[in-house]
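Asker: If it helps, the file is called my_file.cif and holds mmCIF, C-alpha atoms:
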```cif
data_final
#
loop_
_atom_site.label_atom_id
_atom_site.label_comp_id
_atom_site.auth_asym_id
_atom_site.auth_seq_id
_atom_site.Cartn_x
_atom_site.Cartn_y
_atom_site.Cartn_z
CA MET O 218 -122.02 -171.53 -79.39
CA THR O 219 -118.26 -171.18 -79.78
CA GLY O 220 -116.74 -168.97 -82.42
CA MET O 221 -115.11 -170.27 -85.55
CA GLY O 222 -111.59 -171.50 -84.94
CA SER O 223 -111.94 -171.58 -81.17
CA GLY O 224 -111.12 -175.28 -80.97
CA GLY O 225 -113.40 -175.64 -77.97
CA TRP O 226 -110.84 -174.11 -75.62
CA GLY O 227 -111.86 -170.97 -73.81
CA ARG O 228 -109.72 -168.63 -71.78
CA ARG O 229 -110.85 -170.30 -68.56
CA ASP O 230 -109.71 -173.75 -69.78
CA ALA O 231 -106.38 -172.36 -70.91
CA ALA O 232 -105.84 -170.60 -67.57
CA ARG O 233 -106.59 -173.82 -65.67
CA SER O 234 -104.13 -175.73 -67.85
CA VAL O 235 -101.35 -173.18 -67.28
CA ASP O 236 -102.11 -173.02 -63.55
CA ALA O 237 -101.90 -176.82 -63.26
CA PHE O 238 -98.52 -176.80 -65.05
CA ARG O 239 -97.16 -174.07 -62.77
CA GLU O 240 -98.41 -175.79 -59.61
CA MET O 241 -96.82 -179.09 -60.65
CA ARG O 242 -93.53 -177.39 -61.46
CA GLN O 243 -93.50 -175.48 -58.16
CA ALA O 244 -94.21 -178.68 -56.22
CA GLU O 245 -91.35 -180.47 -58.00
CA GLN O 246 -88.96 -177.62 -57.28
CA ALA O 247 -90.00 -177.56 -53.61
CA ARG O 248 -89.37 -181.32 -53.30
CA GLU O 249 -85.94 -180.94 -54.92
CA THR O 250 -85.07 -178.11 -52.55
CA ARG O 251 -86.14 -180.15 -49.51
CA GLN O 252 -84.15 -183.16 -50.73
CA GLY O 253 -81.12 -180.97 -51.38
CA ASP O 254 -79.78 -183.25 -54.13
CA GLN O 255 -80.09 -181.69 -57.59
CA SER O 256 -78.30 -184.61 -59.28
CA ARG O 257 -81.19 -187.01 -58.69
CA PRO O 258 -83.43 -187.98 -61.60
CA PRO O 259 -86.85 -186.29 -61.87
CA ASP O 260 -89.60 -187.50 -59.58
CA ARG O 261 -91.53 -190.01 -61.63
CA SER O 262 -94.51 -189.79 -59.28
CA ALA O 263 -95.34 -186.46 -60.94
CA ASP O 264 -96.89 -188.02 -64.04
CA ARG O 265 -96.64 -185.35 -66.73
CA SER O 266 -97.83 -187.79 -69.39
CA ARG O 267 -101.38 -187.07 -68.22
CA LEU O 268 -101.12 -183.33 -68.80
CA PRO O 269 -103.11 -181.97 -71.75
CA PRO O 270 -101.30 -180.16 -74.57
CA ARG O 271 -100.53 -176.54 -73.67
CA HIS O 272 -99.16 -173.42 -75.25
CA CYS O 273 -95.68 -172.34 -74.25
CA TRP O 274 -92.73 -170.18 -75.24
CA VAL O 275 -89.83 -172.13 -76.75
CA LEU O 276 -86.34 -170.69 -76.36
CA ASN O 277 -83.87 -171.33 -79.19
CA PRO O 278 -85.33 -174.33 -81.02
CA PRO O 279 -82.95 -176.00 -83.52
CA SER O 280 -82.10 -173.74 -86.49
CA ALA O 281 -84.28 -170.89 -85.15
CA PRO O 282 -82.63 -168.75 -82.46
CA GLY O 283 -84.95 -166.65 -80.33
CA ARG O 284 -88.24 -167.15 -78.51
CA TRP O 285 -91.10 -168.80 -80.43
CA PRO O 286 -94.67 -169.74 -79.53
CA GLY O 287 -95.15 -173.49 -79.35
CA LEU O 288 -97.38 -176.29 -78.12
CA VAL O 289 -96.15 -178.93 -75.65
CA VAL O 290 -97.80 -182.21 -76.63
CA GLU O 291 -95.87 -184.77 -74.55
CA TRP O 292 -93.34 -185.12 -71.69
CA ARG O 293 -90.54 -187.60 -71.02
CA THR O 294 -87.46 -187.98 -68.82
CA ALA O 295 -84.04 -188.21 -70.42
CA GLY O 296 -80.65 -188.13 -68.75
CA GLY O 297 -82.10 -187.13 -65.38
CA HIS O 298 -84.15 -184.16 -66.63
CA TRP O 299 -87.56 -183.48 -68.16
CA GLU O 300 -88.04 -182.87 -71.86
CA GLY O 301 -91.16 -181.68 -73.63
CA ARG O 302 -92.10 -182.61 -77.17
CA VAL O 303 -93.10 -179.33 -78.76
CA VAL O 304 -94.59 -178.28 -82.05
CA VAL O 305 -93.33 -174.89 -83.23
CA VAL O 306 -94.42 -173.00 -86.34
CA LEU O 307 -91.60 -170.86 -87.74
CA GLY O 308 -92.35 -168.11 -90.23
CA ARG O 309 -95.62 -167.26 -91.95
CA GLY O 310 -97.55 -168.12 -95.07
CA ARG O 311 -95.75 -170.11 -97.74
CA ASP O 312 -92.44 -169.74 -95.92
CA ALA O 313 -93.76 -171.37 -92.73
CA ALA O 314 -92.02 -174.45 -91.38
CA VAL O 315 -93.17 -176.76 -88.60
CA LEU O 316 -90.78 -178.26 -86.06
CA ASP O 317 -91.70 -181.28 -83.96
CA VAL O 318 -88.83 -181.59 -81.51
CA TRP O 319 -87.91 -182.63 -77.95
CA MET O 320 -86.68 -179.66 -75.86
CA ARG O 321 -85.32 -179.48 -72.32
CA GLU O 322 -87.74 -178.13 -69.72
CA GLU O 323 -85.47 -175.13 -69.14
CA GLN O 324 -86.17 -174.00 -72.70
CA LEU O 325 -89.97 -174.04 -72.22
CA THR O 326 -92.04 -171.44 -70.39
CA PRO O 327 -95.82 -171.56 -69.89
CA VAL O 328 -97.76 -168.81 -71.66
#
```
Would you give me this structure, written as structure tokens?
Answerer:
Amino acid sequence: MTGMGSGGWGRRDAARSVDAFREMRQAEQARETRQGDQSRPPDRSADRSRLPPRHCWVLNPPSAPGRWPGLVVEWRTAGGHWEGRVVVVLGRGRDAAVLDVWMREEQLTPV
């Protein structure tokens, strides 16, 4: 039986999700290095739309400088680079605000 608030995700599931993200990113970077052309659009064969939501660190979201915990819920390509749609909770309690925003991949780091 899972504990209250666990959401059904255990540490093992979270680790597998992060590992899959890192492996995909490393494979993409290796392909780019072999191709030697950084100006090319992202490889669409790496289908990130199938990745499950995952926790990440978000660097400098709009109106909130700094590093914030977030959740990547979707990926897309825009202008030749990857962007992740992230949900970020800023603040606590009654002062909390929720951002739902597209951020460049460079501003997202797996937890």
Asker: Using all atoms listed in the file, which residue out of O:Val304, O:Ala244, O:Val328, O:Val315 lies closest to Glu291 (chain O)?
Answerer: O:Val304
Asker: List the neighbours of region 279-287 of chain O out to 7 Å using only C-alpha atoms; skip same-chain residues closer than 4 positions along the sequence, and give me the result as a list in words.
Answerer: His272, Cys273, Trp274, Val275, Val303, Val304 and Val305 of chain O
Asker: Give as a PyMOL selection string the residues that the PyMOL selection byres ((chain O and resi 300) around 7) matches when applied to the coordinates above.
Answerer: chain O and resi 292-295+298-299+301-302+319-322
Asker: Suppose a student applies the PyMOL selection byres ((chain O and resi 271) around 6) to this structure; what residues should they get, written as a list in words?
Answerer: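 Applying the expression gives Pro270, His272, Leu288 and Val289 of chain O.
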Asker: Between CA of Glu245 (chain O) and CA of Pro269 (chain O), what is the distance in Å, rounded to a tenth?
Answerer: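 CA of Glu245 (chain O) sits 18.2 Å away from CA of Pro269 (chain O).
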Asker: CA of Arg248 (chain O) and CA of Val290 (chain O) are how many Å apart?
Answerer: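 If I compute the distance from CA of Arg248 (chain O) to CA of Val290 (chain O), I get 24.8 Å.
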Asker: I'd like the interatomic distance between CA of Glu323 (chain O) and CA of Met241 (chain O), to a tenth of an Å.
Answerer: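 Distance reported for this atom pair: 14.7 Å.
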Asker: Write region 295-316 of chain O as a compact mmCIF listing (two decimals), in the coordinates of the input, completed to N, CA, C and O atoms.
Answerer:
```txt
# COMPACT_ATOMS: atom_id res chain seq x y z
N ALA O 295 -85.22 -187.79 -69.66
CA ALA O 295 -84.04 -188.21 -70.42
C ALA O 295 -82.80 -187.68 -69.72
O ALA O 295 -82.70 -186.48 -69.46
N GLY O 296 -81.90 -188.56 -69.38
CA GLY O 296 -80.65 -188.13 -68.75
C GLY O 296 -80.85 -187.40 -67.44
O GLY O 296 -80.08 -186.51 -67.12
N GLY O 297 -81.88 -187.75 -66.69
CA GLY O 297 -82.10 -187.13 -65.38
C GLY O 297 -82.81 -185.79 -65.42
O GLY O 297 -82.82 -185.06 -64.44
N HIS O 298 -83.40 -185.42 -66.56
CA HIS O 298 -84.15 -184.16 -66.63
C HIS O 298 -85.41 -184.36 -67.47
O HIS O 298 -85.54 -185.35 -68.18
N TRP O 299 -86.32 -183.42 -67.37
CA TRP O 299 -87.56 -183.48 -68.16
C TRP O 299 -87.35 -182.85 -69.51
O TRP O 299 -86.65 -181.85 -69.65
N GLU O 300 -87.99 -183.44 -70.52
CA GLU O 300 -88.04 -182.87 -71.86
C GLU O 300 -89.48 -182.85 -72.33
O GLU O 300 -90.26 -183.76 -72.03
N GLY O 301 -89.83 -181.79 -73.05
CA GLY O 301 -91.16 -181.68 -73.63
C GLY O 301 -91.08 -181.80 -75.14
O GLY O 301 -90.17 -181.24 -75.76
N ARG O 302 -92.01 -182.54 -75.71
CA ARG O 302 -92.10 -182.61 -77.17
C ARG O 302 -92.96 -181.44 -77.60
O ARG O 302 -94.12 -181.33 -77.20
N VAL O 303 -92.39 -180.55 -78.38
CA VAL O 303 -93.10 -179.33 -78.76
C VAL O 303 -93.26 -179.23 -80.26
O VAL O 303 -92.43 -179.73 -81.03
N VAL O 304 -94.34 -178.60 -80.65
CA VAL O 304 -94.59 -178.28 -82.05
C VAL O 304 -94.47 -176.76 -82.16
O VAL O 304 -95.12 -176.03 -81.41
N VAL O 305 -93.60 -176.32 -83.06
CA VAL O 305 -93.33 -174.89 -83.23
C VAL O 305 -93.52 -174.54 -84.70
O VAL O 305 -93.00 -175.24 -85.57
N VAL O 306 -94.27 -173.49 -84.97
CA VAL O 306 -94.42 -173.00 -86.34
C VAL O 306 -93.48 -171.81 -86.50
O VAL O 306 -93.57 -170.83 -85.77
N LEU O 307 -92.58 -171.92 -87.47
CA LEU O 307 -91.60 -170.86 -87.74
C LEU O 307 -91.97 -170.17 -89.04
O LEU O 307 -92.19 -170.82 -90.05
N GLY O 308 -92.03 -168.86 -89.02
CA GLY O 308 -92.35 -168.11 -90.23
C GLY O 308 -93.85 -168.01 -90.45
O GLY O 308 -94.66 -168.41 -89.62
N ARG O 309 -94.20 -167.47 -91.61
CA ARG O 309 -95.62 -167.26 -91.95
C ARG O 309 -95.88 -167.61 -93.40
O ARG O 309 -94.98 -167.58 -94.23
N GLY O 310 -97.13 -167.89 -93.69
CA GLY O 310 -97.55 -168.12 -95.07
C GLY O 310 -96.81 -169.27 -95.73
O GLY O 310 -96.57 -170.30 -95.13
N ARG O 311 -96.42 -169.05 -96.97
CA ARG O 311 -95.75 -170.11 -97.74
C ARG O 311 -94.36 -170.44 -97.20
O ARG O 311 -93.82 -171.50 -97.49
N ASP O 312 -93.78 -169.52 -96.47
CA ASP O 312 -92.44 -169.74 -95.92
C ASP O 312 -92.47 -170.42 -94.56
O ASP O 312 -91.42 -170.64 -93.95
N ALA O 313 -93.64 -170.76 -94.05
CA ALA O 313 -93.76 -171.37 -92.73
C ALA O 313 -93.18 -172.77 -92.72
O ALA O 313 -93.29 -173.53 -93.68
N ALA O 314 -92.54 -173.10 -91.60
CA ALA O 314 -92.02 -174.45 -91.38
C ALA O 314 -92.51 -174.91 -90.01
O ALA O 314 -92.70 -174.10 -89.10
N VAL O 315 -92.70 -176.21 -89.86
CA VAL O 315 -93.17 -176.76 -88.60
C VAL O 315 -92.09 -177.67 -88.02
O VAL O 315 -91.58 -178.56 -88.70
N LEU O 316 -91.72 -177.40 -86.77
CA LEU O 316 -90.78 -178.26 -86.06
C LEU O 316 -91.55 -179.11 -85.07
O LEU O 316 -92.43 -178.63 -84.38
```
